[in-house]
Amino acid sequence: MMPTTKECIAMLLAGGQGSRLRVLTKNLAKPAVPFGGQYRIIDFSLSNCANSGIDTVGVLTQYKPQILNSYIGTGNSWDLFSHNGGVTILPPYVGEDGGHWYRGTAHAVYQNLDFIDKYRPEHVLILSGDHIYKMDYSQLIKYHKEKNADITIAVIEVPWDEAGRFGIMSINEAGEITEFEEKPRCPKSNLASMGVYVFKTEVLKYNLARDAADPDSENDFGKNVIPRMLKEKQRMFAYPFQGYWRDVGTIDSYWLASMDILDDQAPLDMFDPSWTIYSVVSPQPPHFLAGSARVKKSMISDGCHICGEVENSILFPGVFVARDTRIRDSIVMSGVRIESNVLIERAIIGEETVVGEGSIIGGEFSGDEQGNYRSFADDLRITVVEERLMLPPNTRIGVVLRMKRAESKLSGVAGV
Amino acid sequence: MKDVLGIIHHVKNEGNLKEITRQRCLAAVHFGGRYRLVDFALSNMVNAGLRNIGVVTSTNLRSLLDHLGNGREWGLDKKQEGLFILPAARAGEDSNRRIVDLEDLYANLDYIKRSRQRFVVVSGSNMVCNLDLRRIFLFHQEMQADLTLVYKEDYPFAGDDLEGNVFLETGPGSRVLAVRSRPAVKKRHRVSMDIYLLSKELLVQILEYCAAIGKWDLVKDIIAGKTRDLRICGYEHRGYLAIINSLGGYLLHHLDLLNPEIWQELFFRHGTIYTKLKDDPPAKYFENSEVRNTLVANGCQIEGKVENSILYRGVRVAKGAVVKNSVVMPRTEIEEDAVLDGVILDKHVRIRKGTRLLGDKSRPLVVPKNAVV
C-alpha cells in the first residue's frame with residue numbers, strides 16, 4: 001500500500017458540553033446545537049475545512065455524542081467524503097492498558113496520535129467546533145509555513161472592554177507571540193485567540209507527550225500546552241484574522257450572533273456562492289406564507305407554514321405559526337408548532353415544542369405562572385423553552401431571574 | 001414491494017410546454033418550488049419500498065442526469081439494485097408520439113429480465129401526485145388483474161391541458177373496457193395517470209410481441225386492442241393530481257400549491273418527496289419586504305413585494321420590485337422596481353431595473369433560461 005502523506009489534516013474538538021448554553025445542550029453536544037435556521041454550530045468549521053481544501057478531519061467527541069455522530073455520518077454533506085481521508089469520528093476508547101475519558105483538549109488529541117500518524121501530515125490544524133465564522137485555513141497554513149513556526153495561533157481583534165473574556169496574545173513586530181494571558185483582568189493587548197492552532201506535526205507530538213506525562217497538567221491547549229511552549233520560547237506566531245468570528249458559548253452570545261445574520265447588511269454572508277456553508281439538508285418543501293402572514297427582517301426555512309406575524313426572528317425547518325400570533329426577536333427550532341393568539345418575544349423555543357393558543361412567552365411578561373416549565377436567562381433576559389414540550393393554552397413563561405425581583409409585578413399579571 | 005421493479009418511461013408528448021422543455025426533458029422540468037417532475041414519480045416508488053428503479057431518458061438529458069446523480073437523495077445509491085439510467089431505443093430522438101414507448105423498454109430487455117422482481121410498475125413523469133403504490137399493488141392482486149391502470153375521475157382540466165391524455169371507460173368490477181383520446185362523456189370522465197402495473201412475465205411477453213409486429217405503443221397498440229383478452233383494471237386515485245402539459249396549466253398548478261391542504265397532501269401525505277439537495281441558507285426577508293400567499297424556497301432574498309407566487313431556490317427580489325401570480329425558477333434575479341404579473345421566469349433570468357412584464361394566469365408570459373430582460 002502506498003504510504004499516505006498530507007500537507008495538513010484537522011482535528012476538530014467537539015466534545016464540549018457547553019453548559020452555559022443550558023437547556024440547548026441538555027441532549028446534545030455544543031457543536032451540534034442548531035444555528036442560523038439551517039445549520040448546526042459545527043457546520044461552520046466543517047465547511048471552512050471543505051472550502052479550504054482540507055480533506056481529512058478527525059472529530060473528537062465525548063459529551064452526548066449521538067446526535068452529533070449521526071449528523072456527521074460519512075461527512076459527505078460537507079463534500080468531505082473521500083477514500084483517503086474524509087471525516088472520522090474519534091470518541092474516547094479502551095486500549096490494552098484500560099481506557100480514559102478525554103481529560104482535556106490536549107489529552108483528546110494525544111489519545112488520537114495514531115490517527116494523525118496514519119496520514120503522516122506535515123502540519124496539524126486544531127479547531128474547535130463551537131464558533132461561528134468563515135475562515136480560509138489555507139491562508140493560515142501558508143503564513144505558518146512562511147514563518148517556519150512551530151505553532152501559529154489565529155487571533156482576532158476584540159473590543160478592549162471585552163478583552164478580559166478571552167485568551168489574549170501580545171505580539172512583537174515580527175508577529176511572534178511574546179505573551180499569553182487567559183482572561184486577563186488588565187489586558188495588555190486586544191488580540192484574542194480564536195482557538196484555531198496549526199502545529200508542525202512533530203512539535204505537536206512532542207508537546208502533547210510531555211503534557212500527558214505531567215501529572216499537574218489539566219491537559220488543555222489554552223491552559224497548559226501553549227503557556228508551556230511560550231515559557232520555553234518555541235517559535236510561536238499569531239496570524240491576524242479579519243472578519244466575523246463569534247463564540248456562541250452563552251445564551252446571550254448565541255442570541256446576539258443569531259440576530260446578527262438578520263441585518264440587511266449581515267456581517268456573515270451566508271449567501272456567498274464562493275464559500276458555501278454546508279449542512280445536512282432535509283428534503284422539505286418550500287415554506288408557505290399564507291395571505292394573513294407578515295414577515296419582516298427574518299430568516300425562514302423550508303417546510304414552515306406561516307399564517308401569523310414574524311419579525312426579526314429565525315425559523316428552522318417545519319415550523320407552524322398560526323393566525324394572530326406574533327413572534328419577535330426570537331429563534332424557533334425545527335418542527336415547533338405555535339397555535340393562534342400567541343406572543344413570543346426574545347425567546348428561543350426548542351425543537352418540536354408545541355405552544356398552546358393564547359400563550360405568552362418571554363417579552364414583557366416575567367415569570368412562570370405554573371412553575372412547571374424551566375426557563376433560564378442571562379443578562380439579556382432571553383427566555384429559553386426546552387425541546388419537545390407541550391405547553392397548554394394560555395401558558396405564561398418569562399425569565400426566571402426576573403421572577404423573584406418582580407414578584408409584585410408577577411402577581412399583577414397572574415390574573416391575565 | 002421489494003418484488004416490484006419501477007420504470008419511469010420517457011414521456012414523448014411534451015404537450016404545450018415547448019418554451020420550458022427546450023432546455024430539458026419533461027422529467028427534468030421544475031415543479032413545486034424546489035423539485036423536478038421526476039421527483040414525484042420516483043419518490044412515490046421509493047416511499048412504497050421499491051428498491052430497483054430504471055429511468056428511461058433520451059433527449060435533452062443533461063439536466064435530468066445531473067439531477068438524479070447516483071440516486072443518493074432517494075436512497076437508491078446501492079451496491080445491489082438502486083437507480084439505473086436506461087438509454088432509449090433511439091438516442092436523441094423523440095419525434096414519435098407514442099404514449100408509452102415500449103421500444104425503449106425493449107432496448108433494455110436484459111435489465112428487465114435480469115431483475116429479481118416479479119412485478120413491474122411503469123410510470124410517466126408529468127402526472128404530479130403523492131400516492132401510495134402499495135395500495136395499487138394490493139388492488140392489482142385482489143382484482144387478479146393482468147394489468148392495472150391508475151386514473152383520476154373528473155380531473156378539472158385547466159386551459160389546454162386536455163390534449164394528449166388517455167381516457168378510460170370502465171365497467172363492472174373496475175374492468176377497463178376501452179381507452180380513448182377524448183372523454184366519451186364530459187362529466188365523470190376518467191383520465192389515465194400514466195401508471196401501469198403488471199407482472200414482469202406479461203411485460204416481457206408484450207415486449208416480444210411488439211418486436212414481432214413492429215408496433216410499440218403500450219396504450220394504442222396493446223391496451224386498446226386487448227381489453228377482452230387481458231384482465232385490465234382501473235384504480236381510482238382520489239387525491240390531488242396535476243397534469244403538466246401546458247404553460248397555462250403549469251402556472252395554475254403551481255398556484256394550486258398555495259392551498260395549504262394541497263401543499264400538505266402533495267409534499268407529506270404518503271411520504272416525503274425527495275429531490276436533489278443543495279446547500280442554501282434559509283430564505284431571508286429584509287426590513288421592507290412584503291410577502292403573502294407565496295411559496296418560498298431556501299436561498300431566496302426578498303426586499304420587495306411578492307404575492308400569489310412561487311419562488312424557487314436562490315431567487316432575489318430587490319427593493320421596490322413587485323411579483324404577482326408568477327413562477328420564478330432558481331437563481332433568477334429581479335432588480336429594483338421591476339413589475340411582474342402572470343409570468344414564468346426560467347432559471348438564471350435577470351429582470352432589469354424597472355422592467356414591466358404582464359402576462360395572464362392562463363396565458364403566462366415565459367422568459368427563457370439565462371435571458372436578460
# chains A, B, ... in the order shown; residues from 1 in each chain; ligands from 1

call {"tool": "closest_atom_pairs", "arguments": {"of": "chain A", "to": "chain B", "cutoff": "9 Å", "atoms": "only C-alpha atoms", "output": "tab-separated table"}}
result
residue	atom	partner	partner_atom	distance
A:Gly36	CA	B:Pro282	CA	8.0
A:Gly37	CA	B:Pro282	CA	6.1
A:Gln38	CA	B:Pro281	CA	6.2
A:Tyr39	CA	B:Pro281	CA	8.3
A:Leu262	CA	B:Lys284	CA	7.7
A:Asp263	CA	B:Phe286	CA	7.8
A:Asp264	CA	B:Phe286	CA	6.0
A:Met270	CA	B:Pro281	CA	6.3
A:Phe271	CA	B:Pro281	CA	6.7
A:Thr276	CA	B:Asp279	CA	7.0
A:Ile277	CA	B:Asp279	CA	7.0
A:Tyr278	CA	B:Asp279	CA	5.7
A:Ser279	CA	B:Asp279	CA	6.8
A:Val280	CA	B:Asp279	CA	8.3
A:Val281	CA	B:Leu277	CA	6.5
A:Ser282	CA	B:Leu277	CA	7.7
A:Pro283	CA	B:Tyr274	CA	5.7
A:Gln284	CA	B:Thr272	CA	7.5
A:Pro285	CA	B:Phe267	CA	6.5
A:Pro286	CA	B:Ala297	CA	4.2
A:His287	CA	B:Val296	CA	5.4
A:Phe288	CA	B:Leu295	CA	4.6
A:Leu289	CA	B:Asn293	CA	5.2
A:Ala290	CA	B:Asn293	CA	4.4
A:Gly291	CA	B:Asn293	CA	4.4
A:Ser292	CA	B:Arg292	CA	7.0
A:Ala293	CA	B:Arg292	CA	6.0
A:Arg294	CA	B:Val291	CA	6.9
A:Val295	CA	B:Tyr285	CA	6.9
A:Lys296	CA	B:Glu287	CA	5.4
A:Lys297	CA	B:Phe286	CA	4.4
A:Ser298	CA	B:Tyr285	CA	5.1
A:Met299	CA	B:Lys284	CA	4.5
A:Ile300	CA	B:Ala283	CA	5.3
A:Ser301	CA	B:Pro282	CA	4.4
A:Asp302	CA	B:Asn298	CA	5.9
A:Gly303	CA	B:Ala297	CA	8.8
A:His305	CA	B:Pro260	CA	8.4
A:Glu311	CA	B:Glu287	CA	8.9
A:Asn312	CA	B:Glu287	CA	8.6
A:Ile314	CA	B:Pro282	CA	8.8
A:Leu315	CA	B:Pro282	CA	8.4
A:Phe316	CA	B:Pro282	CA	8.0
A:Pro317	CA	B:Pro282	CA	8.6

call {"tool": "write_last_selection", "arguments": {"atoms": "N, CA and C atoms", "output": "compact mmCIF listing (two decimals), in the first residue's frame"}}
result
# COMPACT_ATOMS: atom_id res chain seq x y z
N GLY A 36 -28.77 29.39 13.03
CA GLY A 36 -28.96 30.06 11.74
C GLY A 36 -30.04 29.47 10.86
N GLY A 37 -30.98 28.74 11.45
CA GLY A 37 -32.14 28.29 10.69
C GLY A 37 -31.93 27.05 9.86
N GLN A 38 -30.68 26.70 9.60
CA GLN A 38 -30.43 25.60 8.67
C GLN A 38 -29.24 24.76 9.13
N TYR A 39 -28.51 25.26 10.08
CA TYR A 39 -27.20 24.69 10.39
C TYR A 39 -27.12 24.20 11.82
N LEU A 262 -29.58 38.61 10.71
CA LEU A 262 -30.83 39.17 10.20
C LEU A 262 -30.67 40.59 9.67
N ASP A 263 -29.52 41.19 9.96
CA ASP A 263 -29.30 42.55 9.47
C ASP A 263 -29.36 42.60 7.95
N ASP A 264 -29.87 43.70 7.42
CA ASP A 264 -29.89 43.85 5.97
C ASP A 264 -28.48 43.71 5.40
N MET A 270 -24.07 34.50 4.39
CA MET A 270 -24.34 33.08 4.20
C MET A 270 -24.73 32.77 2.75
N PHE A 271 -24.87 33.83 1.96
CA PHE A 271 -25.34 33.65 0.58
C PHE A 271 -24.19 33.66 -0.43
N THR A 276 -19.67 28.24 0.30
CA THR A 276 -20.90 27.59 0.74
C THR A 276 -20.77 27.13 2.19
N ILE A 277 -21.79 27.38 2.97
CA ILE A 277 -21.85 26.78 4.30
C ILE A 277 -22.70 25.53 4.16
N TYR A 278 -22.04 24.39 4.30
CA TYR A 278 -22.72 23.11 4.08
C TYR A 278 -23.44 22.67 5.35
N SER A 279 -24.45 21.86 5.16
CA SER A 279 -25.11 21.25 6.31
C SER A 279 -25.86 20.03 5.80
N VAL A 280 -26.45 19.29 6.73
CA VAL A 280 -27.30 18.18 6.32
C VAL A 280 -28.64 18.80 5.95
N VAL A 281 -29.00 18.70 4.69
CA VAL A 281 -30.21 19.37 4.21
C VAL A 281 -31.36 18.37 4.19
N SER A 282 -32.51 18.79 4.69
CA SER A 282 -33.64 17.87 4.69
C SER A 282 -34.55 18.19 3.51
N PRO A 283 -35.15 17.16 2.93
CA PRO A 283 -35.99 17.38 1.75
C PRO A 283 -37.36 17.87 2.13
N GLN A 284 -37.47 19.12 2.52
CA GLN A 284 -38.78 19.68 2.86
C GLN A 284 -39.20 20.64 1.76
N PRO A 285 -40.51 20.79 1.57
CA PRO A 285 -40.97 21.70 0.52
C PRO A 285 -40.66 23.15 0.88
N PRO A 286 -40.72 24.04 -0.11
CA PRO A 286 -40.55 25.46 0.19
C PRO A 286 -41.55 25.88 1.25
N HIS A 287 -41.23 26.90 2.02
CA HIS A 287 -42.17 27.30 3.06
C HIS A 287 -43.31 28.10 2.46
N PHE A 288 -44.42 28.12 3.19
CA PHE A 288 -45.64 28.75 2.69
C PHE A 288 -46.03 29.91 3.58
N LEU A 289 -46.16 31.06 2.97
CA LEU A 289 -46.66 32.25 3.68
C LEU A 289 -48.10 32.46 3.26
N ALA A 290 -49.01 32.34 4.21
CA ALA A 290 -50.44 32.49 3.90
C ALA A 290 -50.77 33.95 3.64
N GLY A 291 -51.98 34.20 3.20
CA GLY A 291 -52.43 35.56 2.94
C GLY A 291 -52.37 36.44 4.17
N SER A 292 -52.54 35.83 5.34
CA SER A 292 -52.54 36.60 6.59
C SER A 292 -51.14 36.79 7.16
N ALA A 293 -50.14 36.21 6.53
CA ALA A 293 -48.78 36.25 7.09
C ALA A 293 -48.14 37.62 6.88
N ARG A 294 -47.31 38.00 7.86
CA ARG A 294 -46.48 39.20 7.69
C ARG A 294 -45.09 38.86 8.20
N VAL A 295 -44.13 38.91 7.32
CA VAL A 295 -42.77 38.52 7.70
C VAL A 295 -41.80 39.64 7.36
N LYS A 296 -41.03 40.06 8.32
CA LYS A 296 -40.06 41.12 8.11
C LYS A 296 -38.75 40.76 8.78
N LYS A 297 -37.67 41.13 8.13
CA LYS A 297 -36.33 41.01 8.72
C LYS A 297 -36.15 39.66 9.43
N SER A 298 -36.39 38.60 8.70
CA SER A 298 -36.33 37.27 9.31
C SER A 298 -35.72 36.28 8.35
N MET A 299 -35.34 35.12 8.89
CA MET A 299 -34.92 34.02 8.03
C MET A 299 -35.86 32.85 8.28
N ILE A 300 -36.42 32.34 7.19
CA ILE A 300 -37.42 31.29 7.30
C ILE A 300 -36.95 30.09 6.47
N SER A 301 -37.01 28.91 7.07
CA SER A 301 -36.50 27.71 6.40
C SER A 301 -37.61 26.95 5.68
N ASP A 302 -37.17 25.99 4.87
CA ASP A 302 -38.10 25.12 4.15
C ASP A 302 -39.08 24.44 5.10
N GLY A 303 -40.24 24.16 4.59
CA GLY A 303 -41.21 23.37 5.35
C GLY A 303 -42.02 24.16 6.36
N HIS A 305 -44.83 26.85 7.73
CA HIS A 305 -46.17 27.25 7.29
C HIS A 305 -46.57 28.40 8.21
N GLU A 311 -41.24 38.78 12.98
CA GLU A 311 -40.35 39.92 12.79
C GLU A 311 -39.04 39.66 13.49
N ASN A 312 -37.96 39.96 12.81
CA ASN A 312 -36.63 39.87 13.41
C ASN A 312 -36.40 38.52 14.09
N ILE A 314 -35.69 33.97 13.57
CA ILE A 314 -35.18 32.87 12.74
C ILE A 314 -36.06 31.65 12.97
N LEU A 315 -36.58 31.10 11.89
CA LEU A 315 -37.41 29.90 11.99
C LEU A 315 -36.70 28.75 11.30
N PHE A 316 -36.45 27.68 12.04
CA PHE A 316 -35.85 26.45 11.50
C PHE A 316 -36.91 25.70 10.68
N PRO A 317 -36.51 24.62 9.99
CA PRO A 317 -37.47 23.93 9.11
C PRO A 317 -38.71 23.40 9.82

call {"tool": "residues_around", "arguments": {"residues": "stretch 81-94 of chain B", "least_positions_apart": "3", "cutoff": "7 Å", "atoms": "only C-alpha atoms", "output": "ChimeraX atom specification"}}
result
/B:12,51-59,70-71,76-78,103-104,107-108

call {"tool": "write_last_selection", "arguments": {"atoms": "N, CA, C and O atoms", "output": "mmCIF file, in the first residue's frame"}}
result
data_model
loop_
_atom_site.group_PDB
_atom_site.id
_atom_site.type_symbol
_atom_site.label_atom_id
_atom_site.label_comp_id
_atom_site.auth_asym_id
_atom_site.auth_seq_id
_atom_site.Cartn_x
_atom_site.Cartn_y
_atom_site.Cartn_z
ATOM 1 N N LYS B 12 -42.942 11.322 -24.345
ATOM 2 C CA LYS B 12 -42.520 11.986 -25.594
ATOM 3 C C LYS B 12 -43.432 13.126 -25.995
ATOM 4 O O LYS B 12 -43.022 14.021 -26.725
ATOM 5 N N ARG B 51 -36.982 -0.759 -4.689
ATOM 6 C CA ARG B 51 -35.545 -0.604 -4.499
ATOM 7 C C ARG B 51 -34.754 -0.762 -5.794
ATOM 8 O O ARG B 51 -33.535 -0.704 -5.803
ATOM 9 N N ASN B 52 -35.458 -1.017 -6.864
ATOM 10 C CA ASN B 52 -34.797 -1.186 -8.155
ATOM 11 C C ASN B 52 -35.598 -0.376 -9.166
ATOM 12 O O ASN B 52 -36.736 -0.727 -9.477
ATOM 13 N N ILE B 53 -35.042 0.729 -9.610
ATOM 14 C CA ILE B 53 -35.802 1.654 -10.444
ATOM 15 C C ILE B 53 -34.963 2.082 -11.644
ATOM 16 O O ILE B 53 -33.813 2.512 -11.495
ATOM 17 N N GLY B 54 -35.548 1.954 -12.830
ATOM 18 C CA GLY B 54 -34.881 2.411 -14.033
ATOM 19 C C GLY B 54 -35.569 3.656 -14.579
ATOM 20 O O GLY B 54 -36.786 3.757 -14.555
ATOM 21 N N VAL B 55 -34.780 4.619 -15.026
ATOM 22 C CA VAL B 55 -35.339 5.832 -15.608
ATOM 23 C C VAL B 55 -34.895 5.902 -17.066
ATOM 24 O O VAL B 55 -33.696 5.933 -17.348
ATOM 25 N N VAL B 56 -35.883 5.905 -17.981
ATOM 26 C CA VAL B 56 -35.565 5.953 -19.409
ATOM 27 C C VAL B 56 -35.340 7.405 -19.808
ATOM 28 O O VAL B 56 -36.122 8.290 -19.446
ATOM 29 N N THR B 57 -34.280 7.645 -20.536
ATOM 30 C CA THR B 57 -34.034 9.011 -20.978
ATOM 31 C C THR B 57 -33.405 9.008 -22.363
ATOM 32 O O THR B 57 -32.754 8.046 -22.754
ATOM 33 N N SER B 58 -33.651 10.092 -23.090
ATOM 34 C CA SER B 58 -33.217 10.094 -24.473
ATOM 35 C C SER B 58 -32.692 11.438 -24.946
ATOM 36 O O SER B 58 -31.571 11.554 -25.394
ATOM 37 N N THR B 59 -33.524 12.471 -24.805
ATOM 38 C CA THR B 59 -33.128 13.763 -25.365
ATOM 39 C C THR B 59 -32.972 14.801 -24.260
ATOM 40 O O THR B 59 -33.595 14.677 -23.209
ATOM 41 N N ASN B 70 -26.339 9.617 -8.597
ATOM 42 C CA ASN B 70 -26.333 8.172 -8.343
ATOM 43 C C ASN B 70 -27.549 7.754 -7.524
ATOM 44 O O ASN B 70 -27.603 6.659 -6.991
ATOM 45 N N GLY B 71 -28.522 8.667 -7.397
ATOM 46 C CA GLY B 71 -29.756 8.317 -6.689
ATOM 47 C C GLY B 71 -29.657 8.435 -5.189
ATOM 48 O O GLY B 71 -30.532 7.982 -4.464
ATOM 49 N N LEU B 76 -31.181 5.482 -3.275
ATOM 50 C CA LEU B 76 -31.012 4.473 -4.328
ATOM 51 C C LEU B 76 -29.554 4.267 -4.737
ATOM 52 O O LEU B 76 -29.277 3.655 -5.766
ATOM 53 N N ASP B 77 -28.619 4.790 -3.940
ATOM 54 C CA ASP B 77 -27.203 4.556 -4.267
ATOM 55 C C ASP B 77 -26.767 3.265 -3.594
ATOM 56 O O ASP B 77 -26.128 3.262 -2.564
ATOM 57 N N LYS B 78 -27.150 2.160 -4.199
ATOM 58 C CA LYS B 78 -26.954 0.860 -3.564
ATOM 59 C C LYS B 78 -25.897 0.037 -4.290
ATOM 60 O O LYS B 78 -25.609 0.279 -5.453
ATOM 61 N N GLU B 103 -40.627 0.361 -27.292
ATOM 62 C CA GLU B 103 -39.339 0.131 -27.953
ATOM 63 C C GLU B 103 -38.194 0.509 -26.993
ATOM 64 O O GLU B 103 -37.158 -0.155 -26.968
ATOM 65 N N ASP B 104 -38.416 1.574 -26.234
ATOM 66 C CA ASP B 104 -37.420 1.984 -25.235
ATOM 67 C C ASP B 104 -37.213 0.898 -24.180
ATOM 68 O O ASP B 104 -36.092 0.654 -23.735
ATOM 69 N N ALA B 107 -35.383 -2.090 -25.641
ATOM 70 C CA ALA B 107 -33.936 -1.828 -25.725
ATOM 71 C C ALA B 107 -33.238 -2.171 -24.407
ATOM 72 O O ALA B 107 -32.028 -2.357 -24.374
ATOM 73 N N ASN B 108 -34.020 -2.240 -23.350
ATOM 74 C CA ASN B 108 -33.453 -2.558 -22.041
ATOM 75 C C ASN B 108 -33.994 -3.890 -21.508
ATOM 76 O O ASN B 108 -34.095 -4.093 -20.297
#

call {"tool": "closest_residue", "arguments": {"among": "A:Ile360, A:Cys186, A:Val225, A:Phe237", "to": "A:Glu173", "atoms": "only C-alpha atoms"}}
result
A:Phe237

call {"tool": "residues_around", "arguments": {"residues": "stretch 81-98 of chain A", "least_positions_apart": "5", "cutoff": "7 Å", "atoms": "only C-alpha atoms", "output": "MDAnalysis selection string"}}
result
chainID A and resid 55:62 74:76

call {"tool": "write_last_selection", "arguments": {"atoms": "C-alpha atoms", "output": "compact mmCIF listing (two decimals), in the first residue's frame"}}
result
# COMPACT_ATOMS: atom_id res chain seq x y z
CA ASP A 55 -9.99 16.80 3.19
CA THR A 56 -9.15 14.91 6.36
CA VAL A 57 -10.84 15.81 9.63
CA GLY A 58 -10.87 13.90 12.90
CA VAL A 59 -13.82 14.93 15.05
CA LEU A 60 -13.19 14.36 18.76
CA THR A 61 -16.43 13.70 20.58
CA GLN A 62 -17.25 12.93 24.17
CA THR A 74 -19.71 9.88 6.46
CA GLY A 75 -19.05 13.59 6.04
CA ASN A 76 -20.50 13.66 2.56

call {"tool": "atom_distance", "arguments": {"atom1": "atom CA of A:Val321", "atom2": "atom CA of A:Ser258"}}
result
19.8 Å

call {"tool": "closest_residue", "arguments": {"among": "A:Glu157, A:Glu218, A:Asp211, A:Glu345", "to": "A:Ala192", "atoms": "only C-alpha atoms"}}
result
A:Glu157

call {"tool": "residues_around", "arguments": {"residues": "A:Ala10", "least_positions_apart": "2", "cutoff": "8 Å", "atoms": "only C-alpha atoms", "output": "PyMOL selection string"}}
result
chain A and resi 8+12+49+54+56-58+124-127

call {"tool": "residues_around", "arguments": {"residues": "stretch 1-3 of chain B", "least_positions_apart": "4", "cutoff": "8 Å", "atoms": "only C-alpha atoms", "output": "list in words"}}
result
Ala48, Gly49, Leu50, Arg51, Arg116, Gln117, Arg118, Phe119 and Arg134 of chain B

call {"tool": "write_last_selection", "arguments": {"atoms": "all heavy atoms", "output": "tab-separated table (two decimals), in the first residue's frame"}}
result
chain	number	residue	atom	x	y	z
B	48	ALA	N	-42.96	3.61	-1.48
B	48	ALA	CA	-43.69	2.34	-1.43
B	48	ALA	C	-42.75	1.17	-1.20
B	48	ALA	O	-43.19	0.04	-1.07
B	48	ALA	CB	-44.48	2.15	-2.72
B	49	GLY	N	-41.46	1.45	-1.15
B	49	GLY	CA	-40.50	0.38	-0.87
B	49	GLY	C	-39.81	-0.21	-2.09
B	49	GLY	O	-39.11	-1.21	-1.99
B	50	LEU	N	-40.00	0.39	-3.27
B	50	LEU	CA	-39.29	-0.10	-4.45
B	50	LEU	C	-37.80	0.20	-4.31
B	50	LEU	O	-37.43	1.28	-3.86
B	50	LEU	CB	-39.83	0.56	-5.74
B	50	LEU	CG	-41.03	-0.14	-6.39
B	50	LEU	CD1	-42.25	-0.07	-5.50
B	50	LEU	CD2	-41.33	0.48	-7.75
B	51	ARG	N	-36.98	-0.76	-4.69
B	51	ARG	CA	-35.54	-0.60	-4.50
B	51	ARG	C	-34.75	-0.76	-5.79
B	51	ARG	O	-33.53	-0.70	-5.80
B	51	ARG	CB	-35.05	-1.62	-3.46
B	51	ARG	CG	-35.50	-1.29	-2.05
B	51	ARG	CD	-34.90	0.03	-1.58
B	51	ARG	NE	-35.46	0.51	-0.34
B	51	ARG	CZ	-36.41	1.45	-0.24
B	51	ARG	NH1	-36.92	2.01	-1.33
B	51	ARG	NH2	-36.85	1.85	0.92
B	116	ARG	N	-34.67	-9.02	-10.23
B	116	ARG	CA	-35.16	-10.11	-9.38
B	116	ARG	C	-36.66	-9.98	-9.10
B	116	ARG	O	-37.24	-10.84	-8.47
B	116	ARG	CB	-34.39	-10.10	-8.06
B	116	ARG	CG	-32.93	-10.49	-8.26
B	116	ARG	CD	-32.24	-10.66	-6.95
B	116	ARG	NE	-31.97	-9.38	-6.32
B	116	ARG	CZ	-31.21	-9.24	-5.25
B	116	ARG	NH1	-30.69	-10.29	-4.66
B	116	ARG	NH2	-30.98	-8.05	-4.73
B	117	GLN	N	-37.27	-8.87	-9.54
B	117	GLN	CA	-38.66	-8.61	-9.20
B	117	GLN	C	-39.61	-9.38	-10.12
B	117	GLN	O	-39.27	-9.66	-11.28
B	117	GLN	CB	-38.94	-7.11	-9.31
B	117	GLN	CG	-38.37	-6.28	-8.16
B	117	GLN	CD	-36.87	-6.08	-8.20
B	117	GLN	OE1	-36.22	-6.28	-9.23
B	117	GLN	NE2	-36.30	-5.68	-7.08
B	118	ARG	N	-40.78	-9.70	-9.61
B	118	ARG	CA	-41.78	-10.42	-10.42
B	118	ARG	C	-42.84	-9.48	-10.98
B	118	ARG	O	-43.64	-9.86	-11.80
B	118	ARG	CB	-42.44	-11.51	-9.59
B	118	ARG	CG	-41.49	-12.71	-9.35
B	118	ARG	CD	-42.23	-13.85	-8.70
B	118	ARG	NE	-42.81	-13.41	-7.44
B	118	ARG	CZ	-44.02	-13.77	-7.01
B	118	ARG	NH1	-44.78	-14.56	-7.74
B	118	ARG	NH2	-44.45	-13.33	-5.85
B	119	PHE	N	-42.87	-8.24	-10.48
B	119	PHE	CA	-43.84	-7.27	-10.98
B	119	PHE	C	-43.12	-6.01	-11.45
B	119	PHE	O	-42.00	-5.74	-11.04
B	119	PHE	CB	-44.85	-6.90	-9.89
B	119	PHE	CG	-45.72	-8.05	-9.50
B	119	PHE	CD1	-45.33	-8.94	-8.50
B	119	PHE	CD2	-46.93	-8.27	-10.15
B	119	PHE	CE1	-46.13	-10.01	-8.16
B	119	PHE	CE2	-47.74	-9.35	-9.81
B	119	PHE	CZ	-47.34	-10.22	-8.81
B	134	ARG	N	-48.42	0.99	-2.81
B	134	ARG	CA	-48.70	-0.29	-2.15
B	134	ARG	C	-50.18	-0.65	-2.27
B	134	ARG	O	-50.54	-1.81	-2.43
B	134	ARG	CB	-48.31	-0.21	-0.67
B	134	ARG	CG	-46.80	-0.28	-0.46
B	134	ARG	CD	-46.43	0.07	0.94
B	134	ARG	NE	-46.81	1.45	1.24
B	134	ARG	CZ	-46.30	2.16	2.24
B	134	ARG	NH1	-45.42	1.64	3.04
B	134	ARG	NH2	-46.68	3.40	2.43

call {"tool": "residues_around", "arguments": {"residues": "A:Ala174", "least_positions_apart": "2", "cutoff": "12 Å", "atoms": "only C-alpha atoms", "output": "list in words"}}
result
Lys147, Ala149, Ser170, Ile171, Asn172, Glu176, Ile177, Thr178, Arg235, Met236, Phe237, Ala238 and Tyr239 of chain A

call {"tool": "select_by_dssp", "arguments": {"residues": "stretch 39-278 of chain B", "states": "strand (DSSP E)", "output": "count of residues only"}}
result
52

call {"tool": "residues_around", "arguments": {"residues": "stretch 154-165 of chain B", "least_positions_apart": "3", "cutoff": "9 Å", "atoms": "only C-alpha atoms", "output": "CSV table (one decimal) with C-alpha atoms, in the first residue's frame"}}
result
chain,number,residue,atom,x,y,z
B,13,ASN,CA,-45.6,14.1,-25.9
B,14,GLU,CA,-44.5,17.2,-24.1
B,15,GLY,CA,-47.7,19.0,-24.9
B,16,ASN,CA,-47.7,22.7,-25.0
B,99,ILE,CA,-47.7,7.3,-25.2
B,180,ARG,CA,-59.9,6.9,-25.8
B,181,SER,CA,-58.0,10.1,-26.6
B,182,ARG,CA,-61.1,12.2,-25.8
B,186,LYS,CA,-67.9,15.4,-20.3
B,187,LYS,CA,-69.0,14.5,-16.7
B,188,ARG,CA,-67.4,11.7,-14.8
B,189,HIS,CA,-64.5,11.2,-17.2
B,190,ARG,CA,-61.6,9.1,-16.1
B,191,VAL,CA,-58.2,10.3,-17.2
B,192,SER,CA,-55.3,7.9,-17.1
B,193,MET,CA,-52.5,8.9,-14.8
B,194,ASP,CA,-49.9,7.1,-16.9
B,241,LEU,CA,-53.3,15.4,-9.3
B,242,ALA,CA,-51.7,18.0,-11.5
B,243,ILE,CA,-51.1,17.1,-15.2
B,244,ILE,CA,-48.3,19.2,-16.5
B,245,ASN,CA,-48.6,19.5,-20.3
B,246,SER,CA,-49.4,23.2,-21.0
B,247,LEU,CA,-48.0,26.5,-20.0
B,248,GLY,CA,-51.3,27.8,-18.6
B,249,GLY,CA,-51.6,24.6,-16.5
B,252,LEU,CA,-52.1,27.3,-12.5
B,253,HIS,CA,-50.9,24.1,-10.9
B,362,SER,CA,-54.0,31.2,-18.2
B,363,ARG,CA,-51.6,32.5,-20.9
